[in-house]
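This report refers to the structure that appears directly beneath it.
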Amino acid sequence: MTKVFPAVLLPVWIRRAGWPEKRSGWWAVALAGAACVLVVLPYWQALGAFRVNLAHYESNWKNYHASLYTVIDWLTGGGTRIPALVGAAAIWGLALWLAWRRAEPARAAYLLIGTSLVFWPNGYPWYFTWIVPLLCFFPNPAWLLLTVLQFLSYNVLIGYGILGQFKFDPFMQWLVYAPFYALLVAQWFLRQKRSRT
């Protein structure tokens, strides 16, 4: 209930439950709606602050990992609106496509969590533990490498502990993310080559 991102799994779950054809699908929609209301109810008075807090978060807490958000942010001149919209469109578009295809839930979770991680403005090392259990079922060398290399991100704690500055070293970010993206692209090319032969 503290992280909103699992909401992208809702369309997959509701569709797998049989919506809109089966009664069980409609019950799933009702149950999801009731759960959302129960979670939000204690914070009803503070809902107006949610938008302000989100805007503050987007403008101040970003570029803490080498994500596609960072690339889009750099290409568009540093505004938070475009990278956030592109990321949200990519993640929700994939969620709806997986729901329409009635994707297997574990595979959908793997794809959605991976897509979220590469589009988010932040990628603290512990965020990557969310994809680790799914790598047991969908082993991917690039993602396995990224989860291992995340320990280099803790380099930020040296400056934070001594000077109180929480600033990621760009060199360390390159050491973490360049091998990941290179291996991810290489895997894609290898799959394309195999599918042609």
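Letters A, B, ... go to the chains of the structure tokens in the order shown; residues in each chain start at 1; ligands are counted from 1 in the same order.
For A:Trp130, the non-local neighbours within 12 Å, defined as residues at least 2 positions apart in the same chain or in other chains and counting only C-alpha atoms, are Lys3, Phe5, Pro6, Ala109, Tyr110, Leu111, Leu112, Ile113, Gly114, Ser116, Leu117, Gly123, Tyr124, Pro125, Trp126, Tyr127, Phe128, Val132, Pro133, Leu134, Leu135, Cys136, Trp143 and Thr147 of chain A.
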With N, CA, C and O atoms retained, write the just-selected residues as an mmCIF file, in the first residue's frame.
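Heads up, here's the output in out_37.cif:
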data_model
loop_
_atom_site.group_PDB
_atom_site.id
_atom_site.type_symbol
_atom_site.label_atom_id
_atom_site.label_comp_id
_atom_site.auth_asym_id
_atom_site.auth_seq_id
_atom_site.Cartn_x
_atom_site.Cartn_y
_atom_site.Cartn_z
ATOM 1 N N LYS A 3 3.529 1.626 -2.189
ATOM 2 C CA LYS A 3 4.008 1.829 -3.560
ATOM 3 C C LYS A 3 2.831 1.709 -4.513
ATOM 4 O O LYS A 3 2.072 0.747 -4.462
ATOM 5 N N PHE A 5 3.056 1.559 -7.882
ATOM 6 C CA PHE A 5 3.328 0.901 -9.161
ATOM 7 C C PHE A 5 2.656 -0.457 -9.364
ATOM 8 O O PHE A 5 2.347 -0.806 -10.499
ATOM 9 N N PRO A 6 2.371 -1.263 -8.312
ATOM 10 C CA PRO A 6 1.673 -2.527 -8.593
ATOM 11 C C PRO A 6 0.296 -2.352 -9.218
ATOM 12 O O PRO A 6 -0.280 -3.305 -9.729
ATOM 13 N N ALA A 109 4.038 -9.504 -14.790
ATOM 14 C CA ALA A 109 4.712 -8.801 -13.693
ATOM 15 C C ALA A 109 6.180 -8.551 -14.029
ATOM 16 O O ALA A 109 6.700 -7.459 -13.792
ATOM 17 N N TYR A 110 6.835 -9.541 -14.599
ATOM 18 C CA TYR A 110 8.243 -9.405 -15.003
ATOM 19 C C TYR A 110 8.414 -8.269 -16.014
ATOM 20 O O TYR A 110 9.264 -7.390 -15.847
ATOM 21 N N LEU A 111 7.582 -8.251 -17.035
ATOM 22 C CA LEU A 111 7.684 -7.219 -18.073
ATOM 23 C C LEU A 111 7.321 -5.834 -17.536
ATOM 24 O O LEU A 111 7.980 -4.839 -17.861
ATOM 25 N N LEU A 112 6.294 -5.765 -16.701
ATOM 26 C CA LEU A 112 5.863 -4.461 -16.188
ATOM 27 C C LEU A 112 6.831 -3.885 -15.160
ATOM 28 O O LEU A 112 7.110 -2.683 -15.164
ATOM 29 N N ILE A 113 7.365 -4.726 -14.290
ATOM 30 C CA ILE A 113 8.340 -4.230 -13.316
ATOM 31 C C ILE A 113 9.617 -3.805 -14.029
ATOM 32 O O ILE A 113 10.182 -2.749 -13.736
ATOM 33 N N GLY A 114 10.073 -4.597 -15.013
ATOM 34 C CA GLY A 114 11.259 -4.228 -15.780
ATOM 35 C C GLY A 114 11.071 -2.920 -16.529
ATOM 36 O O GLY A 114 11.945 -2.039 -16.516
ATOM 37 N N SER A 116 8.940 -0.536 -15.788
ATOM 38 C CA SER A 116 8.867 0.537 -14.796
ATOM 39 C C SER A 116 10.266 0.959 -14.347
ATOM 40 O O SER A 116 10.570 2.150 -14.279
ATOM 41 N N LEU A 117 11.115 -0.017 -14.070
ATOM 42 C CA LEU A 117 12.466 0.298 -13.600
ATOM 43 C C LEU A 117 13.270 1.095 -14.622
ATOM 44 O O LEU A 117 14.063 1.955 -14.237
ATOM 45 N N GLY A 123 16.087 5.068 -9.304
ATOM 46 C CA GLY A 123 16.311 3.628 -9.263
ATOM 47 C C GLY A 123 17.263 3.295 -8.141
ATOM 48 O O GLY A 123 18.426 3.007 -8.370
ATOM 49 N N TYR A 124 16.752 3.394 -6.927
ATOM 50 C CA TYR A 124 17.601 3.050 -5.790
ATOM 51 C C TYR A 124 17.891 1.553 -5.836
ATOM 52 O O TYR A 124 17.071 0.764 -6.323
ATOM 53 N N PRO A 125 19.057 1.132 -5.329
ATOM 54 C CA PRO A 125 19.445 -0.279 -5.450
ATOM 55 C C PRO A 125 18.397 -1.263 -4.955
ATOM 56 O O PRO A 125 18.210 -2.326 -5.552
ATOM 57 N N TRP A 126 17.683 -0.920 -3.881
ATOM 58 C CA TRP A 126 16.698 -1.866 -3.334
ATOM 59 C C TRP A 126 15.473 -2.007 -4.232
ATOM 60 O O TRP A 126 14.740 -2.970 -4.117
ATOM 61 N N TYR A 127 15.233 -1.054 -5.141
ATOM 62 C CA TYR A 127 14.119 -1.191 -6.083
ATOM 63 C C TYR A 127 14.283 -2.440 -6.953
ATOM 64 O O TYR A 127 13.309 -3.027 -7.389
ATOM 65 N N PHE A 128 15.526 -2.793 -7.233
ATOM 66 C CA PHE A 128 15.786 -3.891 -8.159
ATOM 67 C C PHE A 128 15.564 -5.256 -7.530
ATOM 68 O O PHE A 128 15.557 -6.262 -8.225
ATOM 69 N N VAL A 132 14.002 -9.512 -8.885
ATOM 70 C CA VAL A 132 14.831 -10.702 -8.644
ATOM 71 C C VAL A 132 14.019 -11.997 -8.573
ATOM 72 O O VAL A 132 14.376 -12.978 -9.233
ATOM 73 N N PRO A 133 12.909 -12.070 -7.819
ATOM 74 C CA PRO A 133 12.162 -13.335 -7.784
ATOM 75 C C PRO A 133 11.660 -13.763 -9.166
ATOM 76 O O PRO A 133 11.594 -14.952 -9.473
ATOM 77 N N LEU A 134 11.324 -12.796 -10.006
ATOM 78 C CA LEU A 134 10.808 -13.118 -11.337
ATOM 79 C C LEU A 134 11.914 -13.607 -12.271
ATOM 80 O O LEU A 134 11.643 -14.322 -13.234
ATOM 81 N N LEU A 135 13.159 -13.245 -11.973
ATOM 82 C CA LEU A 135 14.284 -13.723 -12.789
ATOM 83 C C LEU A 135 14.521 -15.223 -12.601
ATOM 84 O O LEU A 135 15.166 -15.846 -13.427
ATOM 85 N N CYS A 136 13.974 -15.784 -11.523
ATOM 86 C CA CYS A 136 14.051 -17.240 -11.343
ATOM 87 C C CYS A 136 13.242 -17.958 -12.421
ATOM 88 O O CYS A 136 13.595 -19.054 -12.850
ATOM 89 N N TRP A 143 19.420 -8.447 -16.989
ATOM 90 C CA TRP A 143 18.790 -8.073 -15.730
ATOM 91 C C TRP A 143 19.519 -8.678 -14.538
ATOM 92 O O TRP A 143 19.642 -8.040 -13.487
ATOM 93 N N THR A 147 21.173 -6.398 -11.461
ATOM 94 C CA THR A 147 20.900 -6.573 -10.033
ATOM 95 C C THR A 147 22.199 -6.793 -9.253
ATOM 96 O O THR A 147 22.306 -6.355 -8.108
#
List the neighbours of A:Phe171 out to 12 Å using only C-alpha atoms; skip same-chain residues closer than 6 positions along the sequence, and give me the result as a PyMOL selection string.
-> chain A and resi 65-66+152-153+155-156+177-178
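For the residues A:Ile158, A:Leu144, A:Ile82, A:Leu163, ranking by smallest atom-to-atom distance to A:Pro179 using only C-alpha atoms places A:Leu144 first.
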Grab the atom CA of A:Phe119 to atom CA of A:Phe166 distance for me, in Å with one decimal place.
->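 Here the two named atoms are 21.2 Å from each other.
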Could you please write out, as a PyMOL selection string, every residue of stretch 11-197 of chain A that DSSP assigns to helix (DSSP H, G or I)?
-> chain A and resi 11-16+23-60+68-75+81-100+105-119+125-130+132-135+141-163+170-196
Dump C-alpha atoms for the selected residues as a CSV table (one decimal), in the first residue's frame?
chain,number,residue,atom,x,y,z
A,11,PRO,CA,-5.7,-4.7,-15.8
A,12,VAL,CA,-3.9,-8.0,-16.2
A,13,TRP,CA,-5.5,-9.5,-13.0
A,14,ILE,CA,-9.0,-8.2,-13.9
A,15,ARG,CA,-8.8,-9.5,-17.5
A,16,ARG,CA,-7.5,-12.9,-16.3
A,23,ARG,CA,-19.3,-12.6,-13.7
A,24,SER,CA,-16.0,-13.4,-11.9
A,25,GLY,CA,-14.4,-10.6,-13.9
A,26,TRP,CA,-17.0,-8.1,-12.7
A,27,TRP,CA,-16.4,-9.3,-9.1
A,28,ALA,CA,-12.7,-8.7,-9.6
A,29,VAL,CA,-13.4,-5.1,-10.8
A,30,ALA,CA,-15.6,-4.6,-7.7
A,31,LEU,CA,-13.0,-6.1,-5.4
A,32,ALA,CA,-10.2,-3.9,-6.9
A,33,GLY,CA,-12.4,-0.8,-6.5
A,34,ALA,CA,-13.3,-1.6,-2.9
A,35,ALA,CA,-9.6,-2.3,-2.1
A,36,CYS,CA,-8.6,1.1,-3.6
A,37,VAL,CA,-11.3,2.9,-1.6
A,38,LEU,CA,-10.2,1.2,1.6
A,39,VAL,CA,-6.6,2.1,1.1
A,40,VAL,CA,-7.4,5.8,0.2
A,41,LEU,CA,-10.1,6.3,2.9
A,42,PRO,CA,-7.7,7.1,5.8
A,43,TYR,CA,-6.0,9.7,3.7
A,44,TRP,CA,-9.2,11.3,2.2
A,45,GLN,CA,-8.6,14.7,3.8
A,46,ALA,CA,-5.0,14.8,2.4
A,47,LEU,CA,-5.9,13.8,-1.2
A,48,GLY,CA,-5.5,17.4,-2.3
A,49,ALA,CA,-1.9,17.4,-1.2
A,50,PHE,CA,-1.1,14.3,-3.3
A,51,ARG,CA,-0.8,16.2,-6.5
A,52,VAL,CA,1.4,18.9,-4.9
A,53,ASN,CA,3.6,16.2,-3.3
A,54,LEU,CA,3.9,14.3,-6.6
A,55,ALA,CA,4.9,17.5,-8.5
A,56,HIS,CA,7.6,18.2,-5.8
A,57,TYR,CA,8.8,14.6,-6.0
A,58,GLU,CA,9.0,14.8,-9.8
A,59,SER,CA,11.0,18.0,-9.8
A,60,ASN,CA,13.4,17.2,-7.0
A,68,LEU,CA,15.2,6.1,-20.1
A,69,TYR,CA,13.6,8.9,-18.0
A,70,THR,CA,17.0,10.5,-17.7
A,71,VAL,CA,17.6,10.2,-21.5
A,72,ILE,CA,14.2,11.7,-22.3
A,73,ASP,CA,14.8,14.4,-19.7
A,74,TRP,CA,18.1,15.4,-21.3
A,75,LEU,CA,16.7,15.3,-24.9
A,81,ARG,CA,6.4,16.7,-17.7
A,82,ILE,CA,7.5,15.0,-21.0
A,83,PRO,CA,9.6,12.2,-19.5
A,84,ALA,CA,6.9,11.4,-16.9
A,85,LEU,CA,4.2,11.3,-19.6
A,86,VAL,CA,6.3,9.1,-21.9
A,87,GLY,CA,7.1,6.7,-19.1
A,88,ALA,CA,3.5,6.5,-17.9
A,89,ALA,CA,2.3,5.9,-21.5
A,90,ALA,CA,4.8,3.2,-22.1
A,91,ILE,CA,4.1,1.4,-18.8
A,92,TRP,CA,0.3,1.7,-19.0
A,93,GLY,CA,0.3,0.9,-22.7
A,94,LEU,CA,2.2,-2.3,-22.0
A,95,ALA,CA,-0.2,-3.1,-19.1
A,96,LEU,CA,-3.2,-2.7,-21.2
A,97,TRP,CA,-1.7,-4.7,-24.1
A,98,LEU,CA,-0.8,-7.5,-21.7
A,99,ALA,CA,-4.3,-7.5,-20.3
A,100,TRP,CA,-5.8,-7.6,-23.8
A,105,PRO,CA,0.5,-13.1,-14.6
A,106,ALA,CA,4.1,-13.8,-13.7
A,107,ARG,CA,5.3,-12.9,-17.2
A,108,ALA,CA,3.2,-9.7,-17.1
A,109,ALA,CA,4.7,-8.8,-13.7
A,110,TYR,CA,8.2,-9.4,-15.0
A,111,LEU,CA,7.7,-7.2,-18.1
A,112,LEU,CA,5.9,-4.5,-16.2
A,113,ILE,CA,8.3,-4.2,-13.3
A,114,GLY,CA,11.3,-4.2,-15.8
A,115,THR,CA,9.6,-1.5,-17.9
A,116,SER,CA,8.9,0.5,-14.8
A,117,LEU,CA,12.5,0.3,-13.6
A,118,VAL,CA,13.9,1.6,-16.9
A,119,PHE,CA,11.4,4.5,-17.1
A,125,PRO,CA,19.4,-0.3,-5.5
A,126,TRP,CA,16.7,-1.9,-3.3
A,127,TYR,CA,14.1,-1.2,-6.1
A,128,PHE,CA,15.8,-3.9,-8.2
A,129,THR,CA,15.0,-6.6,-5.6
A,130,TRP,CA,11.4,-6.5,-6.9
A,132,VAL,CA,14.8,-10.7,-8.6
A,133,PRO,CA,12.2,-13.3,-7.8
A,134,LEU,CA,10.8,-13.1,-11.3
A,135,LEU,CA,14.3,-13.7,-12.8
A,141,PRO,CA,21.5,-12.2,-18.3
A,142,ALA,CA,21.2,-8.4,-18.6
A,143,TRP,CA,18.8,-8.1,-15.7
A,144,LEU,CA,20.8,-10.5,-13.6
A,145,LEU,CA,23.9,-8.4,-14.3
A,146,LEU,CA,22.1,-5.2,-13.4
A,147,THR,CA,20.9,-6.6,-10.0
A,148,VAL,CA,24.5,-7.6,-9.2
A,149,LEU,CA,26.0,-4.3,-10.3
A,150,GLN,CA,23.6,-2.4,-8.1
A,151,PHE,CA,26.0,-2.6,-5.2
A,152,LEU,CA,28.1,0.0,-6.9
A,153,SER,CA,25.2,2.5,-6.4
A,154,TYR,CA,25.8,2.4,-2.7
A,155,ASN,CA,28.9,4.5,-3.4
A,156,VAL,CA,26.5,7.4,-2.8
A,157,LEU,CA,26.6,6.7,0.9
A,158,ILE,CA,30.2,7.7,1.2
A,159,GLY,CA,29.6,11.3,0.4
A,160,TYR,CA,26.3,11.2,2.2
A,161,GLY,CA,27.9,9.9,5.4
A,162,ILE,CA,30.8,12.3,5.4
A,163,LEU,CA,29.4,15.5,3.8
A,170,PRO,CA,28.1,9.6,-12.9
A,171,PHE,CA,31.1,7.3,-13.3
A,172,MET,CA,29.5,4.8,-11.0
A,173,GLN,CA,26.2,5.1,-12.9
A,174,TRP,CA,28.1,4.3,-16.1
A,175,LEU,CA,29.7,1.2,-14.5
A,176,VAL,CA,26.3,0.0,-13.4
A,177,TYR,CA,24.1,0.8,-16.4
A,178,ALA,CA,26.4,0.7,-19.5
A,179,PRO,CA,27.0,-3.1,-19.3
A,180,PHE,CA,23.3,-3.7,-18.7
A,181,TYR,CA,22.1,-1.7,-21.7
A,182,ALA,CA,24.9,-3.1,-23.9
A,183,LEU,CA,23.9,-6.7,-22.9
A,184,LEU,CA,20.2,-6.0,-23.3
A,185,VAL,CA,20.7,-4.7,-26.9
A,186,ALA,CA,23.1,-7.5,-27.7
A,187,GLN,CA,20.5,-10.1,-26.5
A,188,TRP,CA,17.8,-8.4,-28.7
A,189,PHE,CA,20.1,-8.5,-31.8
A,190,LEU,CA,20.9,-12.2,-31.1
A,191,ARG,CA,17.2,-13.1,-30.8
A,192,GLN,CA,16.5,-11.3,-34.1
A,193,LYS,CA,19.3,-13.1,-35.8
A,194,ARG,CA,18.1,-16.5,-34.4
A,195,SER,CA,14.5,-15.8,-35.5
A,196,ARG,CA,15.6,-15.1,-39.1
